[in-house]
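Content type mmCIF, C-alpha atoms, from the file data-v2.cif:
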data_input
#
loop_
_atom_site.label_atom_id
_atom_site.label_comp_id
_atom_site.auth_asym_id
_atom_site.auth_seq_id
_atom_site.Cartn_x
_atom_site.Cartn_y
_atom_site.Cartn_z
CA MET A 1 -29.28 82.15 13.82
CA THR A 2 -25.62 82.98 14.44
CA PHE A 3 -24.93 79.32 15.13
CA PHE A 4 -26.57 78.30 11.85
CA TRP A 5 -24.44 80.82 9.91
CA LYS A 6 -21.21 79.54 11.53
CA ARG A 7 -22.14 75.97 10.71
CA GLN A 8 -22.78 76.91 7.06
CA ARG A 9 -19.44 78.73 6.90
CA ALA A 10 -17.59 75.76 8.42
CA SER A 11 -19.27 73.45 5.91
CA ARG A 12 -18.19 75.65 2.98
CA LEU A 13 -14.59 75.75 4.26
CA ALA A 14 -14.50 71.95 4.65
CA GLY A 15 -15.87 71.57 1.12
CA LYS A 16 -13.21 73.88 -0.26
CA LYS A 17 -10.45 71.94 1.50
CA LEU A 18 -11.77 68.62 0.18
CA LEU A 19 -12.05 70.04 -3.35
CA SER A 20 -8.54 71.46 -3.09
CA LYS A 21 -7.22 68.06 -1.94
CA GLN A 22 -9.01 66.24 -4.76
CA ASN A 23 -7.67 68.70 -7.35
CA SER A 24 -4.20 68.25 -5.92
CA GLN A 25 -4.48 64.47 -6.29
CA LEU A 26 -5.90 64.79 -9.79
CA GLU A 27 -3.01 67.00 -10.84
CA LEU A 28 -0.46 64.40 -9.64
CA THR A 29 0.12 61.80 -12.35
CA ILE A 30 2.75 59.07 -12.36
CA PRO A 31 5.14 59.46 -15.31
CA THR A 32 4.55 56.73 -17.89
CA HIS A 33 8.15 55.46 -17.79
CA PHE A 34 7.81 54.94 -14.02
CA ARG A 35 4.86 52.55 -14.47
CA CYS A 36 5.22 48.81 -14.99
CA PRO A 37 3.81 47.91 -18.46
CA ILE A 38 2.12 44.84 -16.91
CA SER A 39 0.54 46.12 -13.67
CA LEU A 40 0.52 49.84 -14.66
CA ASP A 41 1.56 50.61 -11.07
CA LEU A 42 4.60 52.53 -9.88
CA MET A 43 7.61 50.21 -10.15
CA LYS A 44 9.27 49.30 -6.84
CA ASP A 45 12.06 47.11 -8.21
CA PRO A 46 12.56 47.90 -11.92
CA VAL A 47 14.41 45.28 -13.96
CA THR A 48 15.24 45.15 -17.66
CA LEU A 49 14.84 42.10 -19.90
CA SER A 50 16.95 41.10 -22.90
CA THR A 51 14.50 43.02 -25.14
CA GLY A 52 15.41 46.30 -23.40
CA ILE A 53 11.97 46.82 -21.81
CA THR A 54 11.82 47.58 -18.07
CA TYR A 55 9.24 45.96 -15.76
CA ASP A 56 8.60 45.67 -12.05
CA ARG A 57 10.39 42.51 -10.86
CA GLN A 58 7.33 40.98 -9.16
CA SER A 59 5.13 41.41 -12.24
CA ILE A 60 7.59 40.03 -14.78
CA GLU A 61 8.51 37.09 -12.52
CA LYS A 62 4.83 36.11 -12.32
CA TRP A 63 4.55 36.49 -16.10
CA ILE A 64 7.47 34.10 -16.65
CA GLN A 65 6.31 31.64 -13.93
CA ASP A 66 2.95 31.40 -15.72
CA GLY A 67 4.77 29.83 -18.66
CA ASN A 68 5.10 32.87 -20.93
CA GLN A 69 8.30 33.03 -22.99
CA THR A 70 7.81 36.35 -24.76
CA CYS A 71 8.26 39.99 -23.83
CA PRO A 72 4.81 41.39 -22.90
CA VAL A 73 5.40 44.68 -24.74
CA THR A 74 7.32 43.68 -27.88
CA ASN A 75 6.01 40.08 -28.06
CA GLN A 76 9.55 38.96 -28.96
CA ILE A 77 10.71 35.54 -27.75
CA LEU A 78 13.00 35.99 -24.75
CA THR A 79 16.49 34.67 -25.51
CA SER A 80 17.28 34.93 -21.80
CA PHE A 81 15.17 35.17 -18.65
CA ASP A 82 17.84 37.19 -16.83
CA GLN A 83 16.46 40.26 -15.09
CA ILE A 84 18.98 43.09 -14.86
CA PRO A 85 18.25 45.71 -12.15
CA ASN A 86 17.65 49.15 -13.69
CA HIS A 87 19.34 51.33 -11.06
CA MET A 88 18.94 54.55 -13.02
CA ILE A 89 15.14 54.25 -13.30
CA ARG A 90 14.92 53.17 -9.66
CA ARG A 91 16.84 56.27 -8.47
CA MET A 92 14.67 58.50 -10.67
CA ILE A 93 11.53 56.97 -9.14
CA GLN A 94 12.92 57.46 -5.63
CA ASP A 95 13.71 61.13 -6.38
CA TRP A 96 10.22 61.63 -7.79
CA CYS A 97 8.70 60.08 -4.63
CA VAL A 98 10.71 62.48 -2.43
CA GLU A 99 9.65 65.50 -4.51
CA ASN A 100 5.99 64.51 -4.19
CA ARG A 101 6.02 63.64 -0.51
CA ALA A 102 3.52 66.43 0.13
CA HIS A 103 0.99 64.49 -1.95
CA GLY A 104 1.29 61.43 0.29
CA ILE A 105 3.77 59.57 -1.90
CA GLU A 106 6.21 57.42 0.09
CA ARG A 107 9.75 56.83 -1.12
CA ILE A 108 10.21 53.27 -2.42
CA PRO A 109 12.93 51.38 -0.51
CA THR A 110 16.09 50.27 -2.26
CA PRO A 111 15.51 46.56 -3.06
CA ARG A 112 17.87 43.88 -1.86
CA THR A 113 20.32 42.33 -4.26
CA PRO A 114 18.38 39.47 -5.90
CA LEU A 115 19.35 35.88 -5.23
CA THR A 116 21.26 34.19 -8.06
CA SER A 117 22.16 30.62 -8.98
CA PHE A 118 25.76 31.44 -8.07
CA ASP A 119 24.68 32.20 -4.47
CA ILE A 120 22.94 28.82 -4.20
CA VAL A 121 25.89 26.89 -5.65
CA GLU A 122 28.24 28.70 -3.27
CA ILE A 123 26.17 27.88 -0.17
CA CYS A 124 25.79 24.26 -1.33
CA SER A 125 29.57 23.99 -1.48
CA LYS A 126 29.92 25.43 2.02
CA MET A 127 27.26 23.05 3.36
CA MET A 128 29.02 20.02 1.89
CA GLY A 129 32.27 21.19 3.49
CA ALA A 130 30.62 21.63 6.90
CA ALA A 131 28.94 18.21 6.64
CA SER A 132 32.21 16.48 5.72
CA LYS A 133 33.84 17.99 8.84
CA GLY A 134 30.84 17.30 11.06
CA ASP A 135 30.61 21.05 11.83
CA GLU A 136 27.02 21.29 13.11
CA LYS A 137 27.17 24.97 14.12
CA LYS A 138 28.35 26.18 10.71
CA PHE A 139 25.80 23.97 8.94
CA LEU A 140 22.94 25.40 11.04
CA ASP A 141 24.11 28.95 10.28
CA LEU A 142 24.06 28.21 6.55
CA MET A 143 20.60 26.65 6.83
CA GLY A 144 19.40 29.81 8.57
CA LYS A 145 20.50 31.81 5.54
CA VAL A 146 18.58 29.43 3.24
CA HIS A 147 15.45 29.90 5.38
CA VAL A 148 15.74 33.69 5.04
CA TRP A 149 16.10 33.46 1.26
CA ALA A 150 13.17 31.04 0.95
CA ASN A 151 10.86 33.27 3.00
CA GLU A 152 11.57 36.31 0.82
CA SER A 153 9.76 35.09 -2.30
CA GLU A 154 8.46 32.09 -4.21
CA HIS A 155 11.05 32.86 -6.89
CA ASN A 156 13.84 32.28 -4.36
CA LYS A 157 12.27 28.97 -3.31
CA ASN A 158 12.19 27.74 -6.89
CA LEU A 159 15.78 28.91 -7.46
CA ILE A 160 16.93 27.00 -4.36
CA LYS A 161 15.14 23.82 -5.49
CA ASP A 162 16.50 24.03 -9.04
CA ASN A 163 20.14 24.38 -8.04
CA GLY A 164 20.82 21.14 -6.21
CA LEU A 165 20.21 22.03 -2.56
CA GLY A 166 17.89 19.01 -2.17
CA TYR A 167 20.75 16.63 -2.92
CA VAL A 168 23.07 18.48 -0.53
CA LEU A 169 20.50 18.22 2.28
CA ALA A 170 19.90 14.52 1.58
CA ALA A 171 23.66 13.80 1.55
CA SER A 172 24.14 15.82 4.75
CA PHE A 173 21.26 13.97 6.42
CA GLU A 174 22.99 10.67 5.69
CA SER A 175 26.36 12.03 6.80
CA PHE A 176 25.19 13.34 10.19
CA SER A 177 22.96 10.27 10.72
CA SER A 178 26.00 8.04 10.24
CA LEU A 179 27.92 9.98 12.90
CA SER A 180 25.17 9.94 15.55
CA TYR A 181 21.54 10.94 15.17
CA GLU A 182 21.19 11.33 18.95
CA LYS A 183 24.07 13.82 19.06
CA HIS A 184 22.97 15.76 15.96
CA GLU A 185 19.22 15.51 16.64
CA ASP A 186 18.46 19.26 16.30
CA LEU A 187 20.35 19.57 13.02
CA LEU A 188 18.75 16.46 11.53
CA LYS A 189 15.30 17.77 12.47
CA GLU A 190 15.97 21.06 10.66
CA ILE A 191 17.19 19.20 7.57
CA MET A 192 14.05 17.05 7.57
CA PHE A 193 11.76 20.10 7.81
CA LEU A 194 13.62 21.79 4.95
CA LEU A 195 13.61 18.68 2.76
CA THR A 196 9.81 18.49 2.58
CA TRP A 197 9.55 21.34 0.05
CA MET A 198 12.54 20.14 -1.99
CA PHE A 199 10.62 17.27 -3.62
CA PRO A 200 10.91 15.70 -6.08
CA LEU A 201 14.54 14.77 -5.50
CA GLY A 202 16.85 13.34 -8.12
CA ILE A 203 18.13 9.74 -8.18
CA GLU A 204 21.26 10.61 -6.18
CA GLY A 205 19.28 12.44 -3.49
CA ARG A 206 16.83 9.54 -3.14
CA SER A 207 19.77 7.15 -2.88
CA MET A 208 21.15 9.13 0.07
CA LEU A 209 17.80 9.16 1.87
CA GLY A 210 17.36 5.44 1.15
CA SER A 211 20.55 4.44 2.95
CA THR A 212 20.23 2.28 6.06
CA GLU A 213 21.43 5.05 8.39
CA SER A 214 19.04 7.64 6.94
CA LEU A 215 16.09 5.24 7.22
CA ARG A 216 17.04 4.32 10.81
CA CYS A 217 17.13 7.99 11.73
CA MET A 218 13.70 8.65 10.19
CA THR A 219 12.29 5.63 12.04
CA TRP A 220 13.74 7.01 15.28
CA PHE A 221 11.98 10.32 14.64
CA LEU A 222 8.72 8.52 13.82
CA SER A 223 8.85 6.83 17.21
CA GLY A 224 8.99 10.19 19.01
CA ASP A 225 6.27 12.61 20.10
CA ASP A 226 6.85 15.54 17.72
CA LEU A 227 3.87 15.30 15.34
CA LEU A 228 5.22 17.92 12.91
CA LEU A 229 8.51 16.03 12.66
CA LYS A 230 6.71 12.69 12.19
CA LYS A 231 4.64 14.29 9.45
CA SER A 232 7.82 15.42 7.65
CA CYS A 233 9.45 11.99 8.01
CA VAL A 234 6.49 10.00 6.72
CA LEU A 235 6.09 12.45 3.83
CA THR A 236 9.75 11.87 2.95
CA LEU A 237 9.28 8.08 3.10
CA LYS A 238 6.22 8.39 0.88
CA GLU A 239 8.19 10.44 -1.66
CA LEU A 240 11.06 7.95 -1.54
CA LEU A 241 8.94 4.80 -2.01
CA SER A 242 6.59 6.29 -4.61
CA THR A 243 9.45 6.58 -7.08
CA ASP A 244 11.74 3.74 -5.97
CA GLN A 245 10.50 0.68 -4.04
CA THR A 246 13.94 -0.96 -3.89
CA HIS A 247 14.33 0.49 -0.37
CA VAL A 248 11.34 -1.45 1.00
CA GLN A 249 13.42 -4.48 2.03
CA THR A 250 15.80 -2.31 4.07
CA LEU A 251 12.90 -0.43 5.59
CA ILE A 252 10.92 -3.40 6.88
CA ASN A 253 14.01 -4.81 8.63
CA ILE A 254 14.32 -1.71 10.83
CA ASP A 255 12.88 -2.27 14.30
CA GLY A 256 9.98 -0.06 15.24
CA LEU A 257 9.03 1.20 11.78
CA LEU A 258 5.83 -0.79 11.29
CA GLU A 259 4.63 0.04 14.80
CA ALA A 260 5.30 3.76 14.22
CA LEU A 261 3.33 3.72 10.95
CA ILE A 262 0.41 1.87 12.56
CA LYS A 263 0.34 4.39 15.39
CA LEU A 264 0.38 7.29 12.93
CA ILE A 265 -2.65 6.09 10.92
CA THR A 266 -4.72 6.33 14.08
CA THR A 267 -3.55 9.86 14.91
CA PRO A 268 -6.60 12.17 15.06
CA ASP A 269 -6.83 15.61 13.39
CA CYS A 270 -3.87 15.12 11.05
CA PRO A 271 -5.21 13.86 7.70
CA SER A 272 -2.01 14.66 5.77
CA ALA A 273 0.14 12.52 8.10
CA LYS A 274 -2.49 9.77 8.04
CA LYS A 275 -2.63 9.83 4.23
CA SER A 276 1.17 9.64 3.93
CA SER A 277 1.29 6.75 6.44
CA PHE A 278 -1.30 4.76 4.49
CA ALA A 279 0.69 5.47 1.31
CA VAL A 280 3.91 4.12 2.87
CA ILE A 281 2.09 0.98 4.10
CA TYR A 282 0.56 0.55 0.63
CA TYR A 283 3.96 0.80 -1.10
CA ILE A 284 5.39 -1.75 1.36
CA LEU A 285 2.52 -4.18 0.76
CA SER A 286 2.72 -3.67 -3.01
CA THR A 287 6.09 -5.41 -2.95
CA PRO A 288 5.36 -9.20 -3.04
CA VAL A 289 8.35 -10.22 -0.90
CA ALA A 290 7.61 -7.60 1.76
CA ARG A 291 3.89 -8.43 1.72
CA SER A 292 4.53 -12.06 2.60
CA LYS A 293 6.70 -11.00 5.54
CA VAL A 294 4.71 -8.16 7.13
CA SER A 295 1.03 -8.52 6.13
CA SER A 296 0.29 -10.70 9.18
CA ARG A 297 1.82 -8.11 11.49
CA PHE A 298 -0.31 -5.37 9.94
CA ILE A 299 -3.47 -7.48 10.21
CA GLU A 300 -2.81 -8.45 13.85
CA SER A 301 -2.14 -4.77 14.70
CA GLY A 302 -5.59 -3.71 13.51
CA VAL A 303 -4.71 -2.05 10.20
CA VAL A 304 -7.85 -3.52 8.57
CA GLU A 305 -10.08 -1.86 11.17
CA SER A 306 -8.10 1.41 11.03
CA SER A 307 -8.41 1.49 7.23
CA LEU A 308 -12.18 0.99 7.35
CA GLU A 309 -12.52 3.70 10.01
CA ALA A 310 -10.47 6.04 7.82
CA LEU A 311 -12.88 5.38 4.93
CA VAL A 312 -15.85 6.27 7.15
CA GLU A 313 -14.27 9.56 8.23
CA ALA A 314 -12.37 10.47 5.05
CA ASP A 315 -13.48 13.36 2.87
CA ASN A 316 -10.06 13.32 1.21
CA LYS A 317 -9.61 11.61 -2.15
CA GLY A 318 -5.97 10.65 -1.58
CA LEU A 319 -6.63 9.23 1.89
CA SER A 320 -9.54 7.11 0.61
CA GLU A 321 -7.43 5.77 -2.28
CA MET A 322 -4.54 4.75 -0.04
CA ALA A 323 -6.78 3.18 2.63
CA LEU A 324 -8.54 1.13 -0.06
CA GLY A 325 -5.17 0.18 -1.57
CA VAL A 326 -3.97 -1.14 1.80
CA LEU A 327 -7.18 -3.16 2.25
CA ASP A 328 -6.86 -4.58 -1.27
CA CYS A 329 -3.28 -5.74 -0.61
CA LEU A 330 -4.21 -7.30 2.74
CA SER A 331 -7.13 -9.12 1.10
CA ASP A 332 -4.68 -11.18 -0.94
CA SER A 333 -4.22 -13.44 2.10
CA LYS A 334 -6.86 -15.68 3.66
CA GLU A 335 -6.25 -14.09 7.06
CA GLY A 336 -6.79 -10.63 5.59
CA ARG A 337 -10.01 -11.57 3.80
CA GLU A 338 -11.43 -13.15 6.94
CA ARG A 339 -10.60 -10.02 8.94
CA VAL A 340 -12.26 -7.79 6.36
CA GLN A 341 -15.39 -9.96 6.19
CA LYS A 342 -15.79 -9.90 9.97
CA HIS A 343 -16.24 -6.13 9.93
CA ALA A 344 -19.89 -5.13 9.46
CA LEU A 345 -19.05 -2.04 7.41
CA SER A 346 -16.72 -3.69 4.88
CA VAL A 347 -19.15 -4.47 2.05
CA PRO A 348 -21.34 -1.33 2.51
CA LEU A 349 -18.27 0.90 2.38
CA LEU A 350 -16.84 -0.83 -0.69
CA VAL A 351 -20.11 -0.51 -2.58
CA LYS A 352 -20.51 3.11 -1.50
CA LYS A 353 -17.05 4.12 -2.72
CA ILE A 354 -17.56 2.69 -6.24
CA LEU A 355 -17.73 5.62 -8.73
CA ARG A 356 -17.69 8.15 -5.88
CA VAL A 357 -13.99 8.83 -5.23
CA SER A 358 -11.85 8.18 -8.31
CA SER A 359 -11.16 5.52 -10.93
CA LEU A 360 -8.29 4.17 -8.81
CA ALA A 361 -10.56 3.86 -5.76
CA THR A 362 -13.20 2.12 -7.90
CA ASP A 363 -10.59 -0.38 -9.13
CA PHE A 364 -9.64 -1.19 -5.53
CA CYS A 365 -13.29 -1.61 -4.47
CA VAL A 366 -14.13 -3.97 -7.34
CA SER A 367 -10.94 -5.94 -6.76
CA MET A 368 -11.77 -6.41 -3.07
CA LEU A 369 -15.39 -7.43 -3.71
CA TRP A 370 -14.14 -9.92 -6.29
CA LYS A 371 -11.59 -11.40 -3.85
CA LEU A 372 -14.15 -11.65 -1.05
CA SER A 373 -16.82 -13.18 -3.30
CA ASN A 374 -14.42 -15.85 -4.57
CA ASN A 375 -13.72 -17.07 -1.05
CA ASP A 376 -17.17 -17.40 0.54
CA ASP A 377 -20.48 -19.09 -0.17
CA GLY A 378 -22.04 -16.06 -1.80
CA ASP A 379 -22.85 -14.03 1.31
CA THR A 380 -20.70 -11.11 0.14
CA LEU A 381 -22.50 -10.77 -3.20
CA VAL A 382 -25.94 -11.20 -1.64
CA GLU A 383 -25.16 -8.41 0.83
CA ALA A 384 -23.77 -6.28 -2.00
CA LEU A 385 -26.96 -6.84 -4.01
CA HIS A 386 -29.10 -5.62 -1.11
CA ILE A 387 -27.27 -2.29 -1.04
CA GLY A 388 -27.18 -1.50 -4.77
CA ALA A 389 -23.96 -3.06 -6.06
CA PHE A 390 -25.70 -4.53 -9.08
CA GLN A 391 -26.74 -1.14 -10.47
CA LYS A 392 -23.34 0.39 -9.71
CA LEU A 393 -21.45 -2.37 -11.47
CA LEU A 394 -23.69 -2.06 -14.52
CA LEU A 395 -23.11 1.68 -14.61
CA MET A 396 -19.38 1.19 -14.16
CA LEU A 397 -19.23 -1.01 -17.27
CA GLN A 398 -20.65 1.87 -19.30
CA VAL A 399 -17.91 4.30 -18.29
CA ASN A 400 -14.17 4.10 -18.80
CA CYS A 401 -12.53 1.55 -16.50
CA GLY A 402 -9.54 -0.76 -16.68
CA GLU A 403 -9.77 -4.05 -18.54
CA GLU A 404 -8.99 -6.10 -15.43
CA THR A 405 -11.66 -4.24 -13.44
CA LYS A 406 -14.17 -4.78 -16.23
CA VAL A 407 -13.50 -8.54 -16.26
CA LYS A 408 -13.94 -8.79 -12.48
CA ALA A 409 -17.15 -6.73 -12.55
CA THR A 410 -18.59 -8.90 -15.34
CA GLU A 411 -17.78 -12.07 -13.42
CA MET A 412 -19.48 -10.73 -10.27
CA LEU A 413 -22.58 -9.70 -12.21
CA LYS A 414 -22.88 -13.24 -13.54
CA LEU A 415 -22.55 -14.62 -10.02
CA MET A 416 -25.19 -12.17 -8.82
CA ASN A 417 -27.52 -13.61 -11.42
CA GLN A 418 -27.18 -16.99 -9.71
CA TYR A 419 -28.17 -15.51 -6.34
CA LYS A 420 -31.09 -13.42 -7.63
CA ASN A 421 -33.69 -15.68 -6.01
CA LYS A 422 -32.25 -14.92 -2.59
CA LEU A 423 -33.50 -11.34 -2.90
CA ASP A 424 -37.18 -10.59 -2.62
CA CYS A 425 -36.71 -7.07 -3.95
CA PHE A 426 -34.54 -7.94 -6.94
CA ASP A 427 -35.20 -5.59 -9.85
CA SER A 428 -36.51 -7.69 -12.78
CA ALA A 429 -35.72 -4.92 -15.26
CA ASN A 430 -32.07 -5.06 -14.26
CA TYR A 431 -32.16 -8.83 -14.54
CA LYS A 432 -33.49 -8.59 -18.11
CA TYR A 433 -30.75 -6.14 -18.98
CA LEU A 434 -28.18 -8.55 -17.54
CA ARG A 435 -29.59 -11.48 -19.57
CA LYS A 436 -29.54 -9.36 -22.71
CA SER A 437 -25.97 -8.15 -22.16
CA TYR A 438 -24.40 -11.45 -21.20
#
Can the structure in the file be given as structure tokens, please?
Amino acid sequence: MTFFWKRQRASRLAGKKLLSKQNSQLELTIPTHFRCPISLDLMKDPVTLSTGITYDRQSIEKWIQDGNQTCPVTNQILTSFDQIPNHMIRRMIQDWCVENRAHGIERIPTPRTPLTSFDIVEICSKMMGAASKGDEKKFLDLMGKVHVWANESEHNKNLIKDNGLGYVLAASFESFSSLSYEKHEDLLKEIMFLLTWMFPLGIEGRSMLGSTESLRCMTWFLSGDDLLLKKSCVLTLKELLSTDQTHVQTLINIDGLLEALIKLITTPDCPSAKKSSFAVIYYILSTPVARSKVSSRFIESGVVESSLEALVEADNKGLSEMALGVLDCLSDSKEGRERVQKHALSVPLLVKKILRVSSLATDFCVSMLWKLSNNDDGDTLVEALHIGAFQKLLLMLQVNCGEETKVKATEMLKLMNQYKNKLDCFDSANYKYLRKSY
């Protein structure tokens, strides 16, 4: 009985303490002018806009990054996006936090001085000076500072990209590559890693990366064993060639490049590197002069088989598009078409990918089927008919597709009509539709 009474008393005391704590928390309210008008939370880094309204830096930065150009409170158009730190409000908030420490409120830390365009321009100037003198140690120290800034916030990353650091890195890459890429290997690696989130580069930056020395250095890296570095290099080549294919001629004359790309498209468990490698090969083959010089080397090295294997495994739209693009370019030659036709999965894969990946992939598939069918005795179209190409091509004509693709599809449908008697299971309803349409 005594034990029961003590337990009841302890329960009442615990209840009173909990109620007292809840009342204490309810009594504590954050002053309105300490709250961010966007998030309604206590401001940690208050900044004032040109309209005179103060916000928390993180909230207003997100508001502006989302494309808004007005003040959230006044709805006035912002004449400037400058964010001026409100030190007075910040100190008042810090004092309030200290006074209410007993309620579990922690003092907000004093924020770091925000990065400005002037800081980026200044470090760019120092980097150019270090590169011109070949001072690797100083350049690495400056790059370390850039890494710290970039890791602090997405805003800093965007500020770094928008203030010309990409060009400085591209120019420095060419400068140190010209001196000796074996001697400055560590520095050149760091530049390459940093460059990958600087895209897209301007014309001058692309010109620096497209120089013979820069391309030789990237090829040297591609021939190594560092997969992360090879991924960065091939991504840079993809970015370079996607906007300017004038560098293709220089690229294909560099020893070891084609072999490095071929090796990379067979690398397992790295779809992004594989996709970029296929893209680089596609851009090379898209240039008529380069295609005539290197297509045989690609075919002999097994690129046709690697492309078809990539299509079997790919669940990535971009990878499928680039692999099909490479196959389409290689099919322009007799040697390429014969190699494609020898593979048992060629026609089934092409038919399967029609209308299943993207309009670009469909264009490539139709183009390849058309090329193959124009250079055999009809076996390609008969095989395609067996696996449903007729219905897919009819459906494709009813959706939006390019004029050239439409012409090729129509021509193949007419040829299929000629081979209809070779199929026991040919759908007569489809045949009637074909006769009516054409």
Quote the spacing between CA of Ser132 (chain A) and CA of Ala170 (chain A) in Å to one decimal place.
13.1 Å
Computed gap from CA of Thr243 (chain A) to CA of Gly205 (chain A) is 12.0 Å
Out of A:Lys138, A:His155, A:Lys353, A:Arg206, which residue has the shortest atom-to-atom distance to Ser59 (chain A) when counting all atoms listed in the file?
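Smallest distance to Ser59 (chain A) is found for A:His155.
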Taking the file as I've supplied it (selection: the PyMOL selection byres ((chain A and resi 110-117) around 12)), which residues are included? Please answer as number ranges by chain.
A: 43-47, 56-58, 82-95, 107-109, 118-124, 145-146, 148-150, 152-165
Suppose we keep C-alpha atoms; can you now write the selection as a short mmCIF file (atom, residue, chain, number, x, y, z; two decimals), keeping the file's coordinate frame?
data_model
loop_
_atom_site.label_atom_id
_atom_site.label_comp_id
_atom_site.auth_asym_id
_atom_site.auth_seq_id
_atom_site.Cartn_x
_atom_site.Cartn_y
_atom_site.Cartn_z
CA MET A 43 7.61 50.21 -10.15
CA LYS A 44 9.27 49.30 -6.84
CA ASP A 45 12.06 47.11 -8.21
CA PRO A 46 12.56 47.90 -11.92
CA VAL A 47 14.41 45.28 -13.96
CA ASP A 56 8.60 45.67 -12.05
CA ARG A 57 10.39 42.51 -10.86
CA GLN A 58 7.33 40.98 -9.16
CA ASP A 82 17.84 37.19 -16.83
CA GLN A 83 16.46 40.26 -15.09
CA ILE A 84 18.98 43.09 -14.86
CA PRO A 85 18.25 45.71 -12.15
CA ASN A 86 17.65 49.15 -13.69
CA HIS A 87 19.34 51.33 -11.06
CA MET A 88 18.94 54.55 -13.02
CA ILE A 89 15.14 54.25 -13.30
CA ARG A 90 14.92 53.17 -9.66
CA ARG A 91 16.84 56.27 -8.47
CA MET A 92 14.67 58.50 -10.67
CA ILE A 93 11.53 56.97 -9.14
CA GLN A 94 12.92 57.46 -5.63
CA ASP A 95 13.71 61.13 -6.38
CA ARG A 107 9.75 56.83 -1.12
CA ILE A 108 10.21 53.27 -2.42
CA PRO A 109 12.93 51.38 -0.51
CA PHE A 118 25.76 31.44 -8.07
CA ASP A 119 24.68 32.20 -4.47
CA ILE A 120 22.94 28.82 -4.20
CA VAL A 121 25.89 26.89 -5.65
CA GLU A 122 28.24 28.70 -3.27
CA ILE A 123 26.17 27.88 -0.17
CA CYS A 124 25.79 24.26 -1.33
CA LYS A 145 20.50 31.81 5.54
CA VAL A 146 18.58 29.43 3.24
CA VAL A 148 15.74 33.69 5.04
CA TRP A 149 16.10 33.46 1.26
CA ALA A 150 13.17 31.04 0.95
CA GLU A 152 11.57 36.31 0.82
CA SER A 153 9.76 35.09 -2.30
CA GLU A 154 8.46 32.09 -4.21
CA HIS A 155 11.05 32.86 -6.89
CA ASN A 156 13.84 32.28 -4.36
CA LYS A 157 12.27 28.97 -3.31
CA ASN A 158 12.19 27.74 -6.89
CA LEU A 159 15.78 28.91 -7.46
CA ILE A 160 16.93 27.00 -4.36
CA LYS A 161 15.14 23.82 -5.49
CA ASP A 162 16.50 24.03 -9.04
CA ASN A 163 20.14 24.38 -8.04
CA GLY A 164 20.82 21.14 -6.21
CA LEU A 165 20.21 22.03 -2.56
#
Any chance you could resolve the PyMOL selection byres ((chain A and resi 273) around 12) against this file and give the residues as JSON, numbers by chain?
{"A": [222, 227, 228, 229, 230, 231, 232, 233, 234, 235, 236, 237, 238, 260, 261, 262, 263, 264, 265, 266, 267, 268, 269, 270, 271, 272, 274, 275, 276, 277, 278, 279, 280, 318, 319]}
Target residues per the PyMOL selection byres ((chain A and resi 254) around 9), formatted as a PyMOL selection string
chain A and resi 212+215-216+219+250-253+255-258
Residue nearest Asp376 (chain A) among A:Phe364, A:Asn417, A:Gly388, A:Arg337 (counting only C-alpha atoms):
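Going through A:Phe364, A:Asn417, A:Gly388, A:Arg337 one by one, the smallest distance to Asp376 (chain A) is for A:Arg337.
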Work out where the centre of an axis-aligned box around every listed atom of region 284-292 of chain A lies and how long its edges are once 8 Å is added on each side; give both in Å to one decimal as JSON.
{"center_x": 5.4, "center_y": -6.9, "center_z": -0.2, "size_x": 21.8, "size_y": 26.3, "size_z": 21.6}
For the atom pair CA of Asn151 (chain A) and CA of Phe176 (chain A), what is the interatomic distance in Å to one decimal place?
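Separating CA of Asn151 (chain A) from CA of Phe176 (chain A) is a distance of 25.6 Å.
Nearest to Glu239 (chain A) of all the residues A:Leu369, A:Leu28, A:Met208, A:Leu201 is A:Leu201, counting all atoms listed in the file.
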Write out as a PyMOL selection string the residues lying within 8 Å of Ser320 (chain A), counting only C-alpha atoms and excluding same-chain residues fewer than 5 positions away.
chain A and resi 310-311+314-315+357+361
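Closest approach to Phe193 (chain A) among A:His147, A:Tyr55, A:Leu209, A:Glu335 is made by A:His147 (distances from all atoms listed in the file).
Among the candidates A:Cys365, A:Met416, A:Val399, A:Ala344, the residue lying nearest to Val382 (chain A) is A:Met416 (atoms considered: only C-alpha atoms).
Residue nearest Ile77 (chain A) within the list A:Glu383, A:Gly129, A:Ile284, A:Leu49: A:Leu49 [criterion: smallest interatomic distance, only C-alpha atoms].
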Need the shell around Ala130 (chain A): protein/DNA/RNA residues with any atom at most 12 Å away, counting all atoms listed in the file. Skip same-chain ones fewer than 2 positions apart. Format as a ChimeraX atom specification?
/A:123-128,132-143,168-169,171-172,175-176
